[in-house]
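**Q** Sharing my_file_33.cif below, mmCIF, C-alpha atoms:
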```cif
data_query
#
loop_
_atom_site.label_atom_id
_atom_site.label_comp_id
_atom_site.auth_asym_id
_atom_site.auth_seq_id
_atom_site.Cartn_x
_atom_site.Cartn_y
_atom_site.Cartn_z
CA MET W 15 50.67 38.49 -28.35
CA ALA W 16 50.60 35.72 -30.76
CA LYS W 17 47.26 34.06 -31.16
CA ARG W 18 47.38 30.61 -29.77
CA PRO W 19 44.99 27.99 -31.09
CA LEU W 20 42.25 27.17 -28.57
CA GLN W 21 43.03 23.92 -26.87
CA GLU W 22 40.27 21.39 -26.54
CA ILE W 23 39.44 20.23 -23.08
CA ASN W 24 40.26 16.59 -22.64
CA ALA W 25 37.02 14.74 -22.07
CA GLY W 26 38.59 11.38 -21.48
CA SER W 27 37.90 11.41 -17.75
CA MET W 28 34.25 12.29 -18.21
CA ALA W 29 33.34 8.62 -18.20
CA ASP W 30 35.16 8.12 -14.91
CA ILE W 31 33.31 10.98 -13.28
CA ALA W 32 29.98 9.73 -14.55
CA PHE W 33 30.75 6.23 -13.34
CA LEU W 34 31.57 7.58 -9.91
CA LEU W 35 28.24 9.36 -9.71
CA LEU W 36 26.41 6.32 -11.01
CA ILE W 37 27.92 4.07 -8.39
CA PHE W 38 27.13 6.58 -5.67
CA PHE W 39 23.47 6.59 -6.65
CA LEU W 40 23.37 2.82 -6.99
CA VAL W 41 24.61 2.43 -3.45
CA THR W 42 22.62 5.09 -1.63
CA THR W 43 19.21 4.70 -3.20
CA THR W 44 16.61 1.99 -3.28
CA MET W 45 13.75 1.13 -5.54
CA ASP W 46 10.95 1.92 -3.16
CA THR W 47 7.35 0.97 -3.60
CA ASN W 48 5.10 3.75 -2.43
CA THR W 49 1.84 2.30 -3.54
CA GLY W 50 -0.65 0.63 -1.26
CA MET W 51 -4.16 0.24 0.00
CA THR W 52 -5.17 2.98 2.39
CA ARG W 53 -7.65 1.94 5.04
CA LYS W 54 -9.06 3.49 8.15
CA LEU W 55 -9.04 1.64 11.45
CA PRO W 56 -12.10 1.85 13.67
CA PRO W 57 -11.64 4.18 16.65
CA PRO W 58 -10.85 2.45 19.94
CA PRO W 59 -13.78 1.42 22.11
CA GLU W 60 -14.40 3.99 24.82
CA ASP W 61 -14.36 2.73 28.37
CA ASP W 62 -16.73 5.16 30.05
CA LYS W 63 -19.41 4.75 27.47
CA LYS W 64 -20.92 1.37 27.18
CA GLU W 65 -20.42 -0.04 23.78
CA ILE W 66 -23.52 0.70 21.89
CA ASP W 67 -24.44 -2.28 19.88
CA ILE W 68 -25.33 -1.00 16.53
CA LYS W 69 -28.11 -3.25 15.55
CA VAL W 70 -27.43 -4.64 12.17
CA LYS W 71 -29.79 -7.22 10.86
CA GLU W 72 -28.26 -10.51 9.96
CA ARG W 73 -29.10 -10.15 6.32
CA ASN W 74 -27.17 -6.89 6.18
CA VAL W 75 -23.90 -8.43 7.31
CA PHE W 76 -21.70 -10.08 4.74
CA VAL W 77 -19.45 -12.31 6.77
CA VAL W 78 -16.02 -13.08 5.34
CA LEU W 79 -13.86 -15.42 7.37
CA ILE W 80 -10.28 -16.47 6.77
CA ASN W 81 -9.04 -19.28 8.97
CA ARG W 82 -5.55 -20.32 9.98
CA ASN W 83 -5.26 -22.58 6.95
CA ASN W 84 -5.97 -19.60 4.71
CA GLN W 85 -9.34 -20.96 3.70
CA LEU W 86 -11.98 -18.47 2.85
CA ALA W 87 -15.59 -18.72 3.97
CA VAL W 88 -18.25 -16.31 2.78
CA GLU W 89 -21.57 -16.35 4.64
CA GLY W 90 -20.62 -19.66 6.18
CA LYS W 91 -19.71 -21.42 2.94
CA LEU W 92 -16.23 -22.26 1.73
CA THR W 93 -15.53 -20.09 -1.26
CA ASN W 94 -12.85 -19.63 -3.84
CA ILE W 95 -11.23 -16.21 -3.75
CA GLY W 96 -12.06 -15.71 -7.42
CA ASN W 97 -15.77 -15.55 -6.61
CA LEU W 98 -15.46 -13.11 -3.72
CA CYS W 99 -15.58 -9.93 -5.78
CA GLU W 100 -18.72 -10.98 -7.68
CA LYS W 101 -20.48 -12.08 -4.50
CA THR W 102 -19.68 -8.83 -2.73
CA LYS W 103 -21.03 -6.79 -5.59
CA GLU W 104 -24.20 -8.84 -5.68
CA PHE W 105 -24.59 -8.40 -1.94
CA PHE W 106 -24.45 -4.62 -2.13
CA LYS W 107 -26.50 -4.22 -5.27
CA ASN W 108 -29.21 -6.75 -4.58
CA PRO W 109 -31.20 -5.89 -7.71
CA SER W 110 -33.92 -8.49 -7.20
CA ASP W 111 -34.40 -7.61 -3.52
CA ASP W 112 -33.37 -11.06 -2.34
CA PRO W 113 -34.14 -11.40 1.40
CA ASN W 114 -30.72 -13.01 1.95
CA LEU W 115 -28.80 -10.07 0.56
CA SER W 116 -28.44 -6.54 1.90
CA ALA W 117 -31.54 -4.42 2.45
CA ARG W 118 -31.88 -0.74 1.72
CA LYS W 119 -31.71 1.70 4.60
CA GLU W 120 -35.12 2.70 5.88
CA LYS W 121 -34.38 6.39 5.91
CA SER W 122 -33.52 7.87 2.59
CA LYS W 123 -30.59 10.22 2.39
CA TYR W 124 -30.12 13.16 0.11
CA ILE W 125 -27.13 12.78 -2.16
CA GLU W 126 -26.18 15.44 -4.65
CA PHE W 127 -26.77 14.48 -8.29
CA PHE W 128 -28.79 11.46 -7.22
CA GLY W 129 -31.56 12.96 -5.10
CA ASP W 130 -33.13 11.14 -2.18
CA ILE W 131 -31.92 7.61 -2.24
CA LYS W 132 -32.03 4.66 0.08
CA ILE W 133 -28.51 3.35 0.05
CA SER W 134 -27.65 -0.22 0.90
CA ALA W 135 -27.43 -0.96 4.60
CA GLY W 136 -24.97 -3.78 3.97
CA VAL W 137 -21.72 -4.10 5.88
CA VAL W 138 -18.86 -6.45 5.15
CA SER W 139 -17.50 -8.07 8.29
CA LEU W 140 -14.00 -9.33 7.76
CA GLN W 141 -12.65 -11.70 10.37
CA ASN W 142 -9.30 -13.40 10.43
CA ASP W 143 -7.39 -15.75 12.65
CA ARG W 144 -4.03 -14.93 14.22
CA GLY W 145 -2.56 -17.66 12.05
CA THR W 146 -3.83 -16.32 8.75
CA SER W 147 -1.06 -15.32 6.39
CA TYR W 148 -0.68 -11.66 5.52
CA GLU W 149 -0.62 -12.45 1.83
CA LYS W 150 -4.05 -14.05 1.95
CA TYR W 151 -5.43 -11.23 4.07
CA ILE W 152 -4.24 -8.65 1.55
CA ALA W 153 -5.66 -10.71 -1.30
CA VAL W 154 -9.07 -10.72 0.38
CA GLN W 155 -8.89 -7.00 1.19
CA ASN W 156 -7.98 -6.41 -2.42
CA GLU W 157 -11.00 -8.34 -3.69
CA LEU W 158 -13.35 -6.43 -1.38
CA LEU W 159 -11.86 -3.12 -2.45
CA LYS W 160 -12.15 -4.21 -6.06
CA ALA W 161 -15.84 -4.94 -5.60
CA VAL W 162 -16.50 -1.46 -4.20
CA ASN W 163 -14.38 0.19 -6.88
CA GLU W 164 -16.23 -1.66 -9.61
CA LEU W 165 -19.61 -0.69 -8.14
CA ARG W 166 -18.51 2.93 -8.03
CA ASP W 167 -17.20 2.72 -11.57
CA GLU W 168 -20.45 1.27 -12.83
CA LEU W 169 -22.48 3.98 -11.12
CA ALA W 170 -20.21 6.73 -12.40
CA MET W 171 -20.44 5.33 -15.93
CA GLN W 172 -24.23 5.16 -15.72
CA ARG W 173 -24.78 8.61 -14.23
CA PHE W 174 -21.90 10.71 -15.56
CA GLY W 175 -20.51 8.64 -18.41
CA LYS W 176 -17.05 8.72 -16.90
CA ARG W 177 -14.91 6.39 -14.86
CA PHE W 178 -14.91 7.00 -11.11
CA ASP W 179 -11.27 8.06 -11.08
CA ASP W 180 -11.91 10.72 -13.71
CA LEU W 181 -14.84 12.36 -11.92
CA PRO W 182 -14.54 15.90 -10.53
CA GLU W 183 -14.46 16.17 -6.76
CA ALA W 184 -18.15 16.89 -6.08
CA GLU W 185 -19.34 14.01 -8.25
CA SER W 186 -16.74 11.69 -6.80
CA LYS W 187 -17.95 12.51 -3.29
CA ALA W 188 -21.54 11.78 -4.24
CA VAL W 189 -20.60 8.39 -5.68
CA LYS W 190 -18.61 7.64 -2.55
CA LYS W 191 -21.68 8.40 -0.45
CA TYR W 192 -23.77 6.13 -2.62
CA TYR W 193 -21.38 3.24 -2.17
CA PRO W 194 -19.47 3.76 1.08
CA LEU W 195 -16.56 1.46 1.81
CA ALA W 196 -18.28 -0.46 4.57
CA ILE W 197 -15.79 -3.02 5.76
CA SER W 198 -15.69 -3.72 9.45
CA GLU W 199 -12.81 -5.60 10.92
CA ALA W 200 -13.70 -7.46 14.03
CA GLU W 201 -11.28 -8.23 16.79
CA PRO W 202 -9.29 -11.34 15.93
CA MET W 203 -10.58 -14.63 17.18
CA GLU W 204 -10.14 -18.30 16.82
CA ILE W 205 -11.81 -19.57 13.73
CA LYS W 206 -11.99 -23.19 12.96
CA MET B 7 56.14 -0.34 -56.98
CA ALA B 8 56.64 -1.23 -53.44
CA LYS B 9 55.07 1.09 -50.97
CA PHE B 10 56.32 1.81 -47.51
CA ARG B 11 54.04 0.72 -44.76
CA LYS B 12 54.31 1.43 -41.10
CA ASP B 13 54.46 -1.57 -38.82
CA GLY B 14 51.18 -2.76 -37.33
CA GLY B 15 49.14 -0.64 -39.63
CA ARG B 16 46.90 -3.55 -40.40
CA GLY B 17 45.78 -4.21 -36.78
CA THR B 18 42.20 -3.49 -35.81
CA PRO B 19 41.60 0.15 -34.94
CA ALA B 20 40.82 0.96 -31.26
CA ILE B 21 37.14 1.11 -30.41
CA SER B 22 36.10 4.67 -29.85
CA THR B 23 35.10 5.31 -26.25
CA ALA B 24 33.87 8.79 -26.95
CA SER B 25 30.24 7.76 -26.40
CA LEU B 26 30.96 5.98 -23.13
CA PRO B 27 30.20 9.04 -20.98
CA ASP B 28 26.86 9.42 -22.75
CA ILE B 29 25.92 5.83 -21.99
CA VAL B 30 26.94 6.13 -18.38
CA PHE B 31 25.10 9.42 -17.98
CA MET B 32 21.99 7.78 -19.37
CA LEU B 33 22.21 5.04 -16.76
CA LEU B 34 22.89 7.63 -14.08
CA PHE B 35 19.79 9.62 -14.95
CA PHE B 36 17.70 6.47 -15.00
CA PHE B 37 18.75 5.59 -11.49
CA MET B 38 18.33 9.14 -10.25
CA VAL B 39 14.76 9.22 -11.49
CA ALA B 40 13.64 5.70 -10.66
CA THR B 41 15.00 5.35 -7.15
CA THR B 42 14.66 7.18 -3.88
CA MET B 43 17.13 7.85 -1.11
CA ARG B 44 17.43 5.10 1.45
CA GLU B 45 15.90 6.44 4.62
CA VAL B 46 16.50 3.74 7.15
CA GLU B 47 18.88 0.88 7.45
CA LEU B 48 16.76 -2.23 7.49
CA LYS B 49 17.39 -4.62 10.33
CA VAL B 50 14.61 -6.96 9.38
CA ALA B 51 14.87 -8.82 6.11
CA SER B 52 13.74 -6.59 3.28
CA PRO B 53 10.04 -7.45 3.13
CA ILE B 54 8.71 -9.16 0.03
CA LEU B 55 5.51 -7.21 -0.35
CA PRO B 56 2.25 -8.87 -1.32
CA GLU B 57 0.63 -7.95 -4.61
CA ALA B 58 -2.69 -6.21 -5.07
CA THR B 59 -4.40 -4.63 -8.03
CA GLU B 60 -6.42 -1.92 -6.32
CA VAL B 61 -3.53 0.21 -5.19
CA LYS B 62 -3.14 3.95 -4.96
CA LYS B 63 -0.02 6.04 -4.74
CA LEU B 64 0.83 7.28 -1.28
CA GLU B 65 0.46 11.02 -1.14
CA ASN B 66 2.29 13.42 1.12
CA LYS B 67 5.30 11.29 1.80
CA SER B 68 6.47 13.59 4.59
CA LEU B 69 3.41 12.59 6.61
CA VAL B 70 4.00 8.87 6.32
CA SER B 71 5.67 6.82 9.04
CA TYR B 72 6.82 3.34 8.18
CA ILE B 73 6.56 0.15 10.18
CA TYR B 74 8.56 -2.73 8.79
CA VAL B 75 7.62 -6.27 9.74
CA GLY B 76 9.62 -9.35 8.92
CA PRO B 77 12.15 -11.81 10.28
CA PRO B 78 15.37 -10.12 11.51
CA LEU B 79 18.46 -10.27 9.31
CA ILE B 80 20.76 -13.22 9.97
CA LYS B 81 23.32 -11.11 11.83
CA TYR B 82 20.64 -9.92 14.27
CA GLN B 83 18.97 -13.29 14.72
CA LYS B 84 21.12 -14.12 17.74
CA ILE B 85 19.62 -11.20 19.63
CA PHE B 86 16.12 -11.04 18.26
CA GLY B 87 15.33 -14.58 17.20
CA LYS B 88 13.95 -15.77 13.91
CA ASN B 89 10.31 -14.87 14.35
CA PRO B 90 8.97 -11.80 12.55
CA ARG B 91 9.67 -8.59 14.44
CA ILE B 92 8.80 -4.99 13.86
CA GLN B 93 11.20 -2.22 13.03
CA LEU B 94 10.49 1.40 13.92
CA ASN B 95 12.96 3.88 12.45
CA ASP B 96 16.38 2.30 12.88
CA ALA B 97 15.78 -0.29 15.57
CA ILE B 98 13.90 -3.50 16.12
CA LYS B 99 11.26 -2.82 18.76
CA ASP B 100 8.36 -4.48 20.49
CA VAL B 101 4.73 -3.91 19.65
CA SER B 102 4.28 -2.04 22.94
CA ASP B 103 6.79 0.62 21.80
CA ILE B 104 4.53 1.73 18.98
CA SER B 105 2.52 4.24 21.02
CA VAL B 106 5.67 6.07 22.17
CA TRP B 107 7.00 6.07 18.65
CA ILE B 108 3.78 7.48 17.21
CA GLN B 109 3.86 10.28 19.79
CA ALA B 110 7.44 11.08 18.81
CA GLU B 111 6.52 11.10 15.13
CA ARG B 112 3.62 13.44 15.85
CA GLU B 113 5.81 15.91 17.70
CA GLN B 114 8.00 16.27 14.64
CA ARG B 115 5.09 17.47 12.53
CA ASP B 116 2.93 20.52 12.42
CA PRO B 117 -0.04 19.99 14.82
CA ALA B 118 -2.44 20.86 12.01
CA GLU B 119 -1.11 17.98 9.95
CA VAL B 120 -1.36 15.32 12.64
CA PRO B 121 -4.81 14.06 11.57
CA LEU B 122 -3.47 13.51 8.08
CA MET B 123 -0.58 11.34 9.18
CA THR B 124 -0.53 7.84 7.78
CA THR B 125 1.21 4.76 9.05
CA ALA B 126 2.41 2.54 6.25
CA LEU B 127 2.87 -1.13 7.00
CA LYS B 128 5.60 -2.78 5.00
CA VAL B 129 5.02 -6.37 5.87
CA ASP B 130 6.56 -9.51 4.47
CA LYS B 131 3.90 -11.59 2.79
CA ASP B 132 4.69 -14.72 4.79
CA THR B 133 4.00 -13.04 8.12
CA LYS B 134 1.10 -14.32 10.18
CA MET B 135 -1.74 -11.95 10.93
CA GLY B 136 -1.24 -12.18 14.71
CA ILE B 137 1.50 -9.56 14.85
CA ILE B 138 -0.36 -7.32 12.38
CA THR B 139 -3.46 -7.45 14.54
CA ASP B 140 -1.39 -6.47 17.57
CA ILE B 141 0.04 -3.53 15.64
CA LYS B 142 -3.42 -2.44 14.55
CA GLN B 143 -4.78 -2.59 18.09
CA GLU B 144 -1.81 -0.56 19.30
CA LEU B 145 -2.38 2.05 16.59
CA ARG B 146 -6.05 2.26 17.49
CA LYS B 147 -5.14 3.01 21.10
CA VAL B 148 -3.16 6.08 20.09
CA GLN B 149 -5.74 7.20 17.52
CA ALA B 150 -3.42 6.71 14.57
CA LEU B 151 -6.24 5.41 12.44
CA LYS B 152 -5.03 6.04 8.91
CA ILE B 153 -3.03 3.08 7.78
CA ASN B 154 -1.71 1.91 4.48
CA TYR B 155 -0.87 -1.63 3.55
CA THR B 156 2.05 -1.17 1.20
CA THR B 157 1.58 -3.49 -1.73
CA LYS B 158 3.08 -3.92 -5.13
CA LYS B 159 1.15 -3.75 -8.33
CA PRO B 160 1.44 -7.08 -10.12
CA VAL B 161 3.53 -6.99 -13.25
CA GLU B 162 1.25 -7.38 -16.22
#
```
Go ahead and express the file in the form of structure tokens.

**A**
Amino acid sequence: MAKRPLQEINAGSMADIAFLLLIFFLVTTTMDTNTGMTRKLPPPPEDDKKEIDIKVKERNVFVVLINRNNQLAVEGKLTNIGNLCEKTKEFFKNPSDDPNLSARKEKSKYIEFFGDIKISAGVVSLQNDRGTSYEKYIAVQNELLKAVNELRDELAMQRFGKRFDDLPEAESKAVKKYYPLAISEAEPMEIK
Amino acid sequence: MAKFRKDGGRGTPAISTASLPDIVFMLLFFFMVATTMREVELKVASPILPEATEVKKLENKSLVSYIYVGPPLIKYQKIFGKNPRIQLNDAIKDVSDISVWIQAEREQRDPAEVPLMTTALKVDKDTKMGIITDIKQELRKVQALKINYTTKKPVE
């Protein structure tokens, strides 16, 4: 047989095929955000057991209120959201042992890498109105989370010389125990 | 000497489209990587998510159930009204349907994985907290305590 020259495949329709695929993907997919703030809800109150009032001293509760006009009050005073993070950190740290800020727990707890330590007994109580906007609520949650993250970062830097996110699991757990994410969300109520 | 010239020889040459497939393929790969398959058809207006800096990536996507909250789309407003409603899977439902829905979601998963299940709230930022609080109370009742407020990272 005579040798025929190899014919080149016509690639002219390649663009059409690619366009078809492109349009298919454009139509069937979405740009999804899968980032967020993960929180844990408190377990439901049990009926048969009487609600045990956990006695928390007034100085250990950091009250954050958001009213229906999206105004923010911290410890009874109107506050700008920009100051919330700083105030929260100060509340938990309380370096000068201010009687208005959080106290240390009476019983010391053993934490790996840190030894016996009295961690802060402070709790943030976040209360919102039914008319508060979701955007504001998230902004406040974000500031509170930021405060705890910064505290953890500072501690991790001081003790291990690394950022909290870069710590190995055991160290990260210890830091988490040192600064637990203590935010309690009360049942909604009318706030004026 | 005069030379013979073919007619139209001086017109601009055609632009080569040989690289067109390459360009289109590049776009195609970008979209394949950057997007995900649409899982549900939204009946509430696509929520404009609030922004937050302290966000983490959701892990274990197969264990996440989504609740969408927002005003219904215009074509559904005749039936459901204009106020923010919640969407579970493919339908607009009431807050009281959440417990049944959570049970159904749990049955689809391995029992060992149930405690790890997360409920992600995709809520429009203009929603009032009232409906969110109702959702949270409902989730507490069925012990679905892990929740995630889906938020965007602000563009720097």

**Q** For the structure provided, state which residues fall under the PyMOL selection byres ((chain W) within 8 of (chain B)), and present them as a PyMOL selection string.

**A** chain W and resi 26+28-30+32-33+35-36+39-40+42-58+142-149+151-153+156+159-160+202

**Q** Quick one: residues within 12 Å of Arg112 of chain B, only C-alpha atoms counted, chain neighbours fewer than 2 positions away excluded, as a PDB file with C-alpha atoms, keeping the file's coordinate frame?

**A**
```
ATOM      1  CA  SER B  68       6.470  13.590   4.590  1.00  0.00           C
ATOM      2  CA  LEU B  69       3.410  12.590   6.610  1.00  0.00           C
ATOM      3  CA  VAL B  70       4.000   8.870   6.320  1.00  0.00           C
ATOM      4  CA  SER B  71       5.670   6.820   9.040  1.00  0.00           C
ATOM      5  CA  SER B 105       2.520   4.240  21.020  1.00  0.00           C
ATOM      6  CA  VAL B 106       5.670   6.070  22.170  1.00  0.00           C
ATOM      7  CA  TRP B 107       7.000   6.070  18.650  1.00  0.00           C
ATOM      8  CA  ILE B 108       3.780   7.480  17.210  1.00  0.00           C
ATOM      9  CA  GLN B 109       3.860  10.280  19.790  1.00  0.00           C
ATOM     10  CA  ALA B 110       7.440  11.080  18.810  1.00  0.00           C
ATOM     11  CA  GLN B 114       8.000  16.270  14.640  1.00  0.00           C
ATOM     12  CA  ARG B 115       5.090  17.470  12.530  1.00  0.00           C
ATOM     13  CA  ASP B 116       2.930  20.520  12.420  1.00  0.00           C
ATOM     14  CA  PRO B 117      -0.040  19.990  14.820  1.00  0.00           C
ATOM     15  CA  ALA B 118      -2.440  20.860  12.010  1.00  0.00           C
ATOM     16  CA  GLU B 119      -1.110  17.980   9.950  1.00  0.00           C
ATOM     17  CA  VAL B 120      -1.360  15.320  12.640  1.00  0.00           C
ATOM     18  CA  PRO B 121      -4.810  14.060  11.570  1.00  0.00           C
ATOM     19  CA  LEU B 122      -3.470  13.510   8.080  1.00  0.00           C
ATOM     20  CA  MET B 123      -0.580  11.340   9.180  1.00  0.00           C
ATOM     21  CA  THR B 124      -0.530   7.840   7.780  1.00  0.00           C
ATOM     22  CA  THR B 125       1.210   4.760   9.050  1.00  0.00           C
ATOM     23  CA  VAL B 148      -3.160   6.080  20.090  1.00  0.00           C
ATOM     24  CA  GLN B 149      -5.740   7.200  17.520  1.00  0.00           C
ATOM     25  CA  ALA B 150      -3.420   6.710  14.570  1.00  0.00           C
TER      26      ALA B 150
END
```

**Q** Just so the selection is clear, what residues does the PyMOL selection byres ((chain W and resi 169) around 12) cover here, as an MDAnalysis selection string?

**A** chainID W and resid 107 127:128 162:168 170:179 181 185:186 188:193

**Q** Report, in Å with one decimal, the straight-line distance from atom CA of Tyr74 of chain B to atom CA of Leu94 of chain B.

**A** 6.9 Å

**Q** Report the residues retrieved by the PyMOL selection byres ((chain W and resi 84) around 8) from the displayed file, expressed as a list in words.

**A**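 So the PyMOL selection byres ((chain W and resi 84) around 8) ends up selecting Ile80, Asn81, Arg82, Asn83, Gln85, Leu86, Thr146, Ser147 and Lys150 of chain W.
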
**Q** Kindly save the residues from that selection, with C-alpha atoms included, as a PDB file, in the coordinates of the input.

**A**
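Output file again_27.pdb is given in full below:
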```pdb
ATOM      1  CA  ILE W  80     -10.280 -16.470   6.770  1.00  0.00           C
ATOM      2  CA  ASN W  81      -9.040 -19.280   8.970  1.00  0.00           C
ATOM      3  CA  ARG W  82      -5.550 -20.320   9.980  1.00  0.00           C
ATOM      4  CA  ASN W  83      -5.260 -22.580   6.950  1.00  0.00           C
ATOM      5  CA  GLN W  85      -9.340 -20.960   3.700  1.00  0.00           C
ATOM      6  CA  LEU W  86     -11.980 -18.470   2.850  1.00  0.00           C
ATOM      7  CA  THR W 146      -3.830 -16.320   8.750  1.00  0.00           C
ATOM      8  CA  SER W 147      -1.060 -15.320   6.390  1.00  0.00           C
ATOM      9  CA  LYS W 150      -4.050 -14.050   1.950  1.00  0.00           C
TER      10      LYS W 150
END
```

**Q** Rebuild segment 35-42 of chain B to all heavy atoms - output it as a PDB file, keeping the file's coordinate frame, please.

**A**
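Result written to result.pdb:
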```pdb
ATOM      1  N   PHE B  35      21.066   8.931 -15.028  1.00  0.00           N
ATOM      2  CA  PHE B  35      19.790   9.620 -14.950  1.00  0.00           C
ATOM      3  C   PHE B  35      18.655   8.655 -14.670  1.00  0.00           C
ATOM      4  O   PHE B  35      17.747   8.954 -13.914  1.00  0.00           O
ATOM      5  CB  PHE B  35      19.526  10.408 -16.247  1.00  0.00           C
ATOM      6  CG  PHE B  35      20.398  11.618 -16.359  1.00  0.00           C
ATOM      7  CD1 PHE B  35      20.970  11.977 -17.564  1.00  0.00           C
ATOM      8  CD2 PHE B  35      20.655  12.397 -15.241  1.00  0.00           C
ATOM      9  CE1 PHE B  35      21.786  13.087 -17.649  1.00  0.00           C
ATOM     10  CE2 PHE B  35      21.477  13.511 -15.322  1.00  0.00           C
ATOM     11  CZ  PHE B  35      22.042  13.858 -16.540  1.00  0.00           C
ATOM     12  N   PHE B  36      18.740   7.461 -15.263  1.00  0.00           N
ATOM     13  CA  PHE B  36      17.700   6.470 -15.000  1.00  0.00           C
ATOM     14  C   PHE B  36      17.618   6.170 -13.508  1.00  0.00           C
ATOM     15  O   PHE B  36      16.549   6.178 -12.911  1.00  0.00           O
ATOM     16  CB  PHE B  36      17.969   5.184 -15.787  1.00  0.00           C
ATOM     17  CG  PHE B  36      17.091   4.048 -15.356  1.00  0.00           C
ATOM     18  CD1 PHE B  36      15.754   4.028 -15.717  1.00  0.00           C
ATOM     19  CD2 PHE B  36      17.575   3.030 -14.549  1.00  0.00           C
ATOM     20  CE1 PHE B  36      14.934   3.010 -15.301  1.00  0.00           C
ATOM     21  CE2 PHE B  36      16.763   2.009 -14.126  1.00  0.00           C
ATOM     22  CZ  PHE B  36      15.432   2.002 -14.501  1.00  0.00           C
ATOM     23  N   PHE B  37      18.770   5.938 -12.911  1.00  0.00           N
ATOM     24  CA  PHE B  37      18.750   5.590 -11.490  1.00  0.00           C
ATOM     25  C   PHE B  37      18.333   6.770 -10.615  1.00  0.00           C
ATOM     26  O   PHE B  37      17.675   6.607  -9.601  1.00  0.00           O
ATOM     27  CB  PHE B  37      20.111   5.039 -11.041  1.00  0.00           C
ATOM     28  CG  PHE B  37      20.249   3.595 -11.364  1.00  0.00           C
ATOM     29  CD1 PHE B  37      20.881   3.173 -12.517  1.00  0.00           C
ATOM     30  CD2 PHE B  37      19.689   2.634 -10.532  1.00  0.00           C
ATOM     31  CE1 PHE B  37      20.983   1.829 -12.837  1.00  0.00           C
ATOM     32  CE2 PHE B  37      19.784   1.293 -10.840  1.00  0.00           C
ATOM     33  CZ  PHE B  37      20.433   0.889 -11.994  1.00  0.00           C
ATOM     34  N   MET B  38      18.726   7.973 -11.042  1.00  0.00           N
ATOM     35  CA  MET B  38      18.330   9.140 -10.250  1.00  0.00           C
ATOM     36  C   MET B  38      16.817   9.315 -10.248  1.00  0.00           C
ATOM     37  O   MET B  38      16.219   9.709  -9.256  1.00  0.00           O
ATOM     38  CB  MET B  38      19.007  10.394 -10.783  1.00  0.00           C
ATOM     39  CG  MET B  38      20.435  10.520 -10.336  1.00  0.00           C
ATOM     40  SD  MET B  38      21.267  11.881 -11.126  1.00  0.00           S
ATOM     41  CE  MET B  38      20.512  13.262 -10.333  1.00  0.00           C
ATOM     42  N   VAL B  39      16.201   9.016 -11.379  1.00  0.00           N
ATOM     43  CA  VAL B  39      14.760   9.220 -11.490  1.00  0.00           C
ATOM     44  C   VAL B  39      13.984   8.072 -10.844  1.00  0.00           C
ATOM     45  O   VAL B  39      13.000   8.283 -10.141  1.00  0.00           O
ATOM     46  CB  VAL B  39      14.362   9.397 -12.973  1.00  0.00           C
ATOM     47  CG1 VAL B  39      12.852   9.368 -13.130  1.00  0.00           C
ATOM     48  CG2 VAL B  39      14.923  10.692 -13.515  1.00  0.00           C
ATOM     49  N   ALA B  40      14.442   6.855 -11.049  1.00  0.00           N
ATOM     50  CA  ALA B  40      13.640   5.700 -10.660  1.00  0.00           C
ATOM     51  C   ALA B  40      13.808   5.287  -9.204  1.00  0.00           C
ATOM     52  O   ALA B  40      13.026   4.494  -8.703  1.00  0.00           O
ATOM     53  CB  ALA B  40      13.976   4.509 -11.560  1.00  0.00           C
ATOM     54  N   THR B  41      14.795   5.798  -8.526  1.00  0.00           N
ATOM     55  CA  THR B  41      15.000   5.350  -7.150  1.00  0.00           C
ATOM     56  C   THR B  41      14.837   6.507  -6.174  1.00  0.00           C
ATOM     57  O   THR B  41      14.803   7.667  -6.559  1.00  0.00           O
ATOM     58  CB  THR B  41      16.395   4.734  -6.949  1.00  0.00           C
ATOM     59  OG1 THR B  41      17.354   5.739  -7.207  1.00  0.00           O
ATOM     60  CG2 THR B  41      16.604   3.553  -7.863  1.00  0.00           C
ATOM     61  N   THR B  42      14.735   6.151  -4.917  1.00  0.00           N
ATOM     62  CA  THR B  42      14.660   7.180  -3.880  1.00  0.00           C
ATOM     63  C   THR B  42      15.782   6.940  -2.875  1.00  0.00           C
ATOM     64  O   THR B  42      16.327   5.847  -2.794  1.00  0.00           O
ATOM     65  CB  THR B  42      13.325   7.097  -3.127  1.00  0.00           C
ATOM     66  OG1 THR B  42      13.116   5.737  -2.760  1.00  0.00           O
ATOM     67  CG2 THR B  42      12.176   7.575  -3.979  1.00  0.00           C
TER      68      THR B  42
END
```
